[in-house]
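Asks: Sending over run_31.txt (compact mmCIF, C-alpha atoms).
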# COMPACT_ATOMS: atom_id res chain seq x y z
CA MET A 152 43.31 -104.96 41.13
CA VAL A 153 43.22 -108.66 41.91
CA PRO A 154 46.09 -110.45 40.18
CA SER A 155 45.34 -113.66 38.29
CA GLY A 156 48.21 -115.45 39.95
CA LEU A 157 50.12 -114.59 43.12
CA GLY A 158 53.14 -116.81 42.74
CA ARG A 159 55.39 -118.81 40.43
CA HIS A 160 56.85 -122.11 41.57
CA LEU A 161 59.59 -123.95 39.72
CA ILE A 162 59.77 -127.67 40.45
CA VAL A 163 63.33 -128.68 39.58
CA GLU A 164 64.93 -132.13 39.41
CA VAL A 165 68.66 -132.43 38.77
CA TRP A 166 70.51 -135.67 38.08
CA GLY A 167 74.13 -136.53 37.50
CA VAL A 168 75.54 -133.99 39.95
CA ASP A 169 78.90 -134.49 41.66
CA PRO A 170 78.04 -136.33 44.90
CA ALA A 171 80.69 -134.40 46.86
CA LEU A 172 78.99 -131.13 45.92
CA LEU A 173 75.60 -132.49 46.95
CA ASP A 174 77.06 -133.26 50.37
CA ASP A 175 78.74 -129.87 50.84
CA GLU A 176 76.42 -127.90 53.10
CA ALA A 177 78.46 -124.68 52.95
CA ARG A 178 78.58 -124.53 49.16
CA LEU A 179 74.91 -125.38 48.80
CA ARG A 180 74.02 -122.68 51.32
CA GLU A 181 76.09 -120.14 49.40
CA MET A 182 74.47 -121.27 46.14
CA LEU A 183 70.91 -120.98 47.40
CA VAL A 184 71.40 -117.57 49.04
CA GLU A 185 73.05 -116.27 45.88
CA ALA A 186 70.23 -117.77 43.78
CA ALA A 187 67.69 -115.94 45.91
CA LYS A 188 69.51 -112.66 45.45
CA ARG A 189 69.88 -113.10 41.70
CA ALA A 190 66.15 -113.71 41.47
CA GLY A 191 65.67 -110.37 43.17
CA GLY A 192 64.50 -111.82 46.47
CA ARG A 193 65.11 -110.48 49.98
CA VAL A 194 66.44 -113.18 52.28
CA ILE A 195 64.63 -113.33 55.63
CA GLY A 196 65.88 -116.65 56.99
CA VAL A 197 68.19 -119.57 56.20
CA LEU A 198 67.84 -123.10 57.54
CA PHE A 199 70.24 -125.90 56.62
CA HIS A 200 70.77 -129.41 57.91
CA LYS A 201 73.47 -131.95 57.10
CA PHE A 202 72.46 -135.57 57.34
CA LYS A 203 74.65 -138.47 58.30
CA PRO A 204 76.01 -140.36 56.50
CA GLN A 205 75.09 -138.03 53.63
CA GLY A 206 72.62 -135.53 52.23
CA VAL A 207 71.70 -131.92 52.83
CA THR A 208 68.39 -130.13 53.32
CA GLY A 209 68.33 -126.38 52.92
CA VAL A 210 65.68 -123.69 52.85
CA VAL A 211 66.14 -120.01 52.15
CA ALA A 212 63.03 -118.08 53.13
CA ILE A 213 62.64 -114.87 51.18
CA ALA A 214 60.14 -112.05 51.52
CA GLU A 215 58.76 -113.41 48.25
CA SER A 216 58.27 -117.06 49.44
CA HIS A 217 61.13 -119.64 49.48
CA ILE A 218 63.82 -121.66 47.76
CA SER A 219 64.66 -125.16 48.98
CA ILE A 220 66.97 -128.04 48.18
CA HIS A 221 67.09 -131.65 49.27
CA THR A 222 70.03 -133.74 48.10
CA TRP A 223 70.65 -137.45 47.70
CA PRO A 224 74.39 -137.72 46.96
CA GLU A 225 74.03 -141.50 46.68
CA TYR A 226 71.88 -140.96 43.57
CA SER A 227 73.68 -137.80 42.35
CA TYR A 228 70.24 -136.21 42.65
CA ALA A 229 68.71 -133.09 44.15
CA ALA A 230 65.17 -131.72 44.34
CA ILE A 231 64.97 -127.94 44.17
CA ASP A 232 61.92 -125.73 44.64
CA ILE A 233 61.96 -122.07 43.68
CA PHE A 234 58.77 -120.36 44.77
CA THR A 235 58.48 -116.61 44.29
CA CYS A 236 55.73 -114.03 44.31
CA GLY A 237 55.73 -110.51 42.98
CA SER A 238 56.56 -109.18 39.56
CA HIS A 239 59.95 -107.81 40.71
CA VAL A 240 61.29 -111.35 41.24
CA ASP A 241 62.33 -113.80 38.51
CA PRO A 242 62.55 -117.42 39.71
CA TRP A 243 64.29 -118.41 36.48
CA GLU A 244 67.34 -116.37 37.49
CA ALA A 245 67.60 -118.52 40.63
CA PHE A 246 67.22 -121.61 38.46
CA ARG A 247 69.98 -120.52 36.08
CA HIS A 248 72.37 -119.87 38.95
CA SER A 249 71.67 -123.23 40.58
CA VAL A 250 72.27 -125.10 37.33
CA GLN A 251 75.48 -123.17 36.70
CA VAL A 252 76.80 -124.26 40.09
CA LEU A 253 75.54 -127.84 40.13
CA ARG A 254 76.31 -128.65 36.47
CA PRO A 255 73.87 -131.59 36.35
CA LYS A 256 73.94 -134.10 33.50
CA SER A 257 70.17 -133.84 33.24
CA VAL A 258 67.56 -131.39 34.44
CA SER A 259 63.80 -131.34 34.46
CA VAL A 260 61.84 -128.27 35.44
CA PHE A 261 58.27 -127.13 35.24
CA GLU A 262 56.54 -124.01 36.46
CA VAL A 263 53.39 -124.12 38.56
CA LYS A 264 51.31 -120.98 38.90
CA ARG A 265 50.32 -120.57 42.54
CA GLY A 266 47.44 -118.51 43.87
CA ILE A 267 45.30 -118.38 40.78
CA ILE A 268 42.13 -116.96 42.26
CA PRO A 269 39.08 -119.13 41.53
CA GLU A 270 36.27 -117.44 39.58
CA GLY A 271 33.87 -117.63 42.51
CA GLU A 272 36.35 -115.92 44.81
CA ARG A 273 37.06 -112.87 42.69
CA VAL A 274 36.06 -109.58 44.28
CA MET B 223 67.32 -151.62 45.32
CA VAL B 224 66.86 -148.30 43.56
CA PRO B 225 63.41 -146.87 44.33
CA SER B 226 61.36 -145.55 41.41
CA GLY B 227 60.63 -142.35 43.29
CA LEU B 228 62.37 -140.78 46.26
CA GLY B 229 59.75 -138.27 47.34
CA ARG B 230 56.12 -137.23 47.26
CA HIS B 231 55.22 -133.56 47.06
CA LEU B 232 51.71 -132.23 47.63
CA ILE B 233 51.02 -128.84 46.06
CA VAL B 234 48.12 -127.40 48.04
CA GLU B 235 46.06 -124.27 47.43
CA VAL B 236 43.46 -123.20 49.99
CA TRP B 237 40.93 -120.41 49.53
CA GLY B 238 38.26 -118.92 51.73
CA VAL B 239 40.21 -119.22 54.96
CA ASP B 240 39.58 -116.86 57.91
CA PRO B 241 42.04 -113.97 57.33
CA ALA B 242 42.73 -113.66 61.06
CA LEU B 243 43.93 -117.26 61.15
CA LEU B 244 46.14 -116.70 58.10
CA ASP B 245 47.80 -113.84 59.96
CA ASP B 246 48.32 -115.77 63.21
CA GLU B 247 51.94 -116.86 63.17
CA ALA B 248 51.72 -118.86 66.42
CA ARG B 249 48.73 -120.93 65.34
CA LEU B 250 50.18 -121.58 61.88
CA ARG B 251 53.46 -122.68 63.44
CA GLU B 252 51.63 -125.05 65.76
CA MET B 253 49.58 -126.36 62.83
CA LEU B 254 52.58 -127.04 60.60
CA VAL B 255 54.65 -128.72 63.32
CA GLU B 256 51.69 -130.92 64.26
CA ALA B 257 51.09 -131.68 60.56
CA ALA B 258 54.70 -132.80 60.24
CA LYS B 259 54.35 -135.09 63.25
CA ARG B 260 51.08 -136.60 62.06
CA ALA B 261 52.72 -137.38 58.74
CA GLY B 262 55.35 -139.30 60.68
CA GLY B 263 58.12 -136.77 60.10
CA ARG B 264 60.95 -135.80 62.43
CA VAL B 265 61.23 -132.03 62.82
CA ILE B 266 64.78 -130.73 62.41
CA GLY B 267 64.15 -126.99 62.10
CA VAL B 268 61.38 -124.38 62.13
CA LEU B 269 61.53 -121.00 60.42
CA PHE B 270 58.65 -118.51 60.53
CA HIS B 271 58.29 -114.88 59.52
CA LYS B 272 55.41 -112.46 60.06
CA PHE B 273 55.03 -109.78 57.44
CA LYS B 274 53.69 -106.29 57.95
CA PRO B 275 50.98 -105.32 57.43
CA GLN B 276 49.94 -108.95 56.97
CA GLY B 277 50.92 -112.45 55.90
CA VAL B 278 53.03 -115.27 57.26
CA THR B 279 55.73 -117.47 55.78
CA GLY B 280 56.62 -120.66 57.57
CA VAL B 281 58.83 -123.65 56.88
CA VAL B 282 59.17 -126.80 58.94
CA ALA B 283 62.21 -128.77 57.83
CA ILE B 284 61.88 -132.45 58.56
CA ALA B 285 64.35 -135.28 58.22
CA GLU B 286 62.11 -136.37 55.33
CA SER B 287 62.18 -132.98 53.41
CA HIS B 288 59.88 -130.04 54.32
CA ILE B 289 56.45 -128.51 54.81
CA SER B 290 55.88 -124.83 54.03
CA ILE B 291 53.10 -122.26 54.07
CA HIS B 292 52.78 -118.78 52.62
CA THR B 293 49.63 -116.84 53.45
CA TRP B 294 47.83 -113.90 51.84
CA PRO B 295 45.18 -112.92 54.40
CA GLU B 296 43.97 -110.17 52.05
CA TYR B 297 42.86 -112.91 49.62
CA SER B 298 41.91 -115.50 52.29
CA TYR B 299 44.48 -117.66 50.52
CA ALA B 300 47.45 -119.83 51.45
CA ALA B 301 49.92 -121.91 49.45
CA ILE B 302 51.07 -125.06 51.23
CA ASP B 303 53.75 -127.52 50.16
CA ILE B 304 54.12 -130.90 51.79
CA PHE B 305 57.22 -132.67 50.53
CA THR B 306 58.16 -135.99 52.13
CA CYS B 307 60.46 -138.87 51.35
CA GLY B 308 60.49 -142.35 52.75
CA SER B 309 57.77 -144.97 52.96
CA HIS B 310 57.27 -144.38 56.72
CA VAL B 311 55.89 -140.88 56.09
CA ASP B 312 52.43 -140.05 54.72
CA PRO B 313 52.13 -136.47 53.40
CA TRP B 314 48.35 -136.84 53.17
CA GLU B 315 48.15 -136.98 56.98
CA ALA B 316 49.79 -133.56 57.09
CA PHE B 317 47.35 -132.36 54.43
CA ARG B 318 44.35 -133.61 56.40
CA HIS B 319 45.50 -131.90 59.56
CA SER B 320 46.11 -128.58 57.78
CA VAL B 321 42.66 -128.62 56.20
CA GLN B 322 41.05 -129.48 59.54
CA VAL B 323 42.67 -126.44 61.12
CA LEU B 324 42.26 -123.97 58.26
CA ARG B 325 38.71 -125.02 57.24
CA PRO B 326 39.00 -123.51 53.75
CA LYS B 327 35.97 -122.98 51.53
CA SER B 328 37.86 -124.49 48.62
CA VAL B 329 40.97 -126.63 48.24
CA SER B 330 43.03 -127.83 45.32
CA VAL B 331 45.79 -130.36 45.72
CA PHE B 332 47.91 -132.47 43.46
CA GLU B 333 50.77 -134.83 44.14
CA VAL B 334 54.07 -134.62 42.30
CA LYS B 335 56.44 -137.56 42.42
CA ARG B 336 59.94 -136.29 43.07
CA GLY B 337 63.16 -138.10 42.35
CA ILE B 338 61.94 -140.51 39.71
CA ILE B 339 65.22 -141.87 38.48
CA PRO B 340 65.64 -141.50 34.70
CA GLU B 341 66.14 -144.75 32.78
CA GLY B 342 69.68 -143.82 31.79
CA GLU B 343 70.66 -143.19 35.38
CA ARG B 344 69.57 -146.50 36.83
CA VAL B 345 72.32 -148.58 38.33
As a first step, turn the structure in this file into structure tokens.
Replies:
Amino acid sequence: MVPSGLGRHLIVEVWGVDPALLDDEARLREMLVEAAKRAGGRVIGVLFHKFKPQGVTGVVAIAESHISIHTWPEYSYAAIDIFTCGSHVDPWEAFRHSVQVLRPKSVSVFEVKRGIIPEGERV
Amino acid sequence: MVPSGLGRHLIVEVWGVDPALLDDEARLREMLVEAAKRAGGRVIGVLFHKFKPQGVTGVVAIAESHISIHTWPEYSYAAIDIFTCGSHVDPWEAFRHSVQVLRPKSVSVFEVKRGIIPEGERV
């Protein structure tokens, strides 16, 4: 069976987040790893970087793709990507956890289907 | 000055790529690091994982966000994300390099503006 879509990718924008939290590498790392687990993902690698004077970049690679965050404390803003594949994983669980921790004043999110096999490529 | 958008994110789907290349962790790592450099990014971390029996996940964190790839050699398919911030970086240079290396039969790409500050949040 060839699936019609291999992955689900949530593009998340959060605004109005506590700047101190957006600059706290340890808490963001804990949040993203926990988000991956709640989604049902298996963590295979974690990469974080703290910028000076401010900002954090973090990626949690999972067997089912990845979750990433980039923060701009000066704008109370973060960009989050939650990309999962496989029917045993639910990216929206990772989303819910992240929002619970970050408590943003506003959120936008949309889901992009990844790996939708073009008609001509079907076997 | 508050910019109207902090980042640019290319969502890239490539089909019809040589499966052997999509399973070659070393070449994909080299490709993604070079793509980051051509875009004008500064590499701050590299995380790759080779799956068994097949498939590669790779993330190159850059000071200006990240570039990632997830491959499905069994479908000759890869999902690539090129997320950059800052006017000195051009994500399309990273896209061009990736396509030159992968030589896919078909490509889809669209650009998502990240970090567009909501009206109510402007200062």
Asks: For the contact check between chain B and chain A, emit one row per residue of chain B within 8 Å, containing the shortest atom pair and the distance in Å rounded to one decimal, counting only C-alpha atoms, chain then rising number order, as JSON lines.
Replies:
{"residue": "B:Glu235", "atom": "CA", "partner": "A:Gly266", "partner_atom": "CA", "distance": 6.9}
{"residue": "B:Trp237", "atom": "CA", "partner": "A:Glu272", "partner_atom": "CA", "distance": 8.0}
{"residue": "B:Gly238", "atom": "CA", "partner": "A:Glu272", "partner_atom": "CA", "distance": 7.8}
{"residue": "B:Ile266", "atom": "CA", "partner": "A:His200", "partner_atom": "CA", "distance": 7.6}
{"residue": "B:Gly267", "atom": "CA", "partner": "A:Leu198", "partner_atom": "CA", "distance": 7.0}
{"residue": "B:Leu269", "atom": "CA", "partner": "A:Gly196", "partner_atom": "CA", "distance": 7.0}
{"residue": "B:His271", "atom": "CA", "partner": "A:Ile195", "partner_atom": "CA", "distance": 7.6}
{"residue": "B:Thr279", "atom": "CA", "partner": "A:Ser216", "partner_atom": "CA", "distance": 6.8}
{"residue": "B:Val281", "atom": "CA", "partner": "A:Ala212", "partner_atom": "CA", "distance": 7.9}
{"residue": "B:Ala283", "atom": "CA", "partner": "A:Thr208", "partner_atom": "CA", "distance": 7.8}
{"residue": "B:Ser287", "atom": "CA", "partner": "A:His221", "partner_atom": "CA", "distance": 6.6}
{"residue": "B:His292", "atom": "CA", "partner": "A:Ser216", "partner_atom": "CA", "distance": 6.6}
{"residue": "B:Tyr299", "atom": "CA", "partner": "A:Gly266", "partner_atom": "CA", "distance": 7.3}
{"residue": "B:Ala300", "atom": "CA", "partner": "A:Gly266", "partner_atom": "CA", "distance": 7.7}
{"residue": "B:Ala301", "atom": "CA", "partner": "A:Gly266", "partner_atom": "CA", "distance": 7.0}
{"residue": "B:Arg336", "atom": "CA", "partner": "A:Ala230", "partner_atom": "CA", "distance": 7.1}
{"residue": "B:Gly337", "atom": "CA", "partner": "A:Glu164", "partner_atom": "CA", "distance": 6.9}
{"residue": "B:Glu343", "atom": "CA", "partner": "A:Gly167", "partner_atom": "CA", "distance": 7.8}
Asks: By how many Å are CA of Leu243 (chain B) and CA of Val323 (chain B) apart?
Replies: 9.3 Å
Asks: What separation in Å, quoted to one decimal, exists between CA of Ser309 (chain B) and CA of Gln322 (chain B)?
Replies: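 Separating CA of Ser309 (chain B) from CA of Gln322 (chain B) is a distance of 23.7 Å.
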Asks: Would you kindly return, as a JSON list (two decimals) with C-alpha atoms, in the frame of the given file, each protein, DNA or RNA residue with an atom no farther than 10 Å from any atom of region 319-321 of chain B, considering all atoms listed in the file and excluding same-chain residues fewer than 2 positions away?
Replies:
[["chain", "number", "residue", "atom", "x", "y", "z"],
["B", 234, "VAL", "CA", 48.12, -127.40, 48.04],
["B", 236, "VAL", "CA", 43.46, -123.20, 49.99],
["B", 239, "VAL", "CA", 40.21, -119.22, 54.96],
["B", 250, "LEU", "CA", 50.18, -121.58, 61.88],
["B", 253, "MET", "CA", 49.58, -126.36, 62.83],
["B", 254, "LEU", "CA", 52.58, -127.04, 60.60],
["B", 256, "GLU", "CA", 51.69, -130.92, 64.26],
["B", 257, "ALA", "CA", 51.09, -131.68, 60.56],
["B", 258, "ALA", "CA", 54.70, -132.80, 60.24],
["B", 260, "ARG", "CA", 51.08, -136.60, 62.06],
["B", 261, "ALA", "CA", 52.72, -137.38, 58.74],
["B", 302, "ILE", "CA", 51.07, -125.06, 51.23],
["B", 314, "TRP", "CA", 48.35, -136.84, 53.17],
["B", 315, "GLU", "CA", 48.15, -136.98, 56.98],
["B", 316, "ALA", "CA", 49.79, -133.56, 57.09],
["B", 317, "PHE", "CA", 47.35, -132.36, 54.43],
["B", 323, "VAL", "CA", 42.67, -126.44, 61.12],
["B", 324, "LEU", "CA", 42.26, -123.97, 58.26],
["B", 325, "ARG", "CA", 38.71, -125.02, 57.24],
["B", 326, "PRO", "CA", 39.00, -123.51, 53.75],
["B", 327, "LYS", "CA", 35.97, -122.98, 51.53],
["B", 328, "SER", "CA", 37.86, -124.49, 48.62],
["B", 329, "VAL", "CA", 40.97, -126.63, 48.24]]
Asks: Quick one, how far is CA of Asp246 (chain B) from CA of Lys188 (chain A)?
Replies: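 For CA of Asp246 (chain B) relative to CA of Lys188 (chain A), the distance reads 27.8 Å.
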Asks: Between B:Pro295, B:Arg230, B:Arg249, B:Gly262, which has the minimum distance to Lys274 (chain B) (counting all atoms listed in the file)?
Replies: B:Pro295
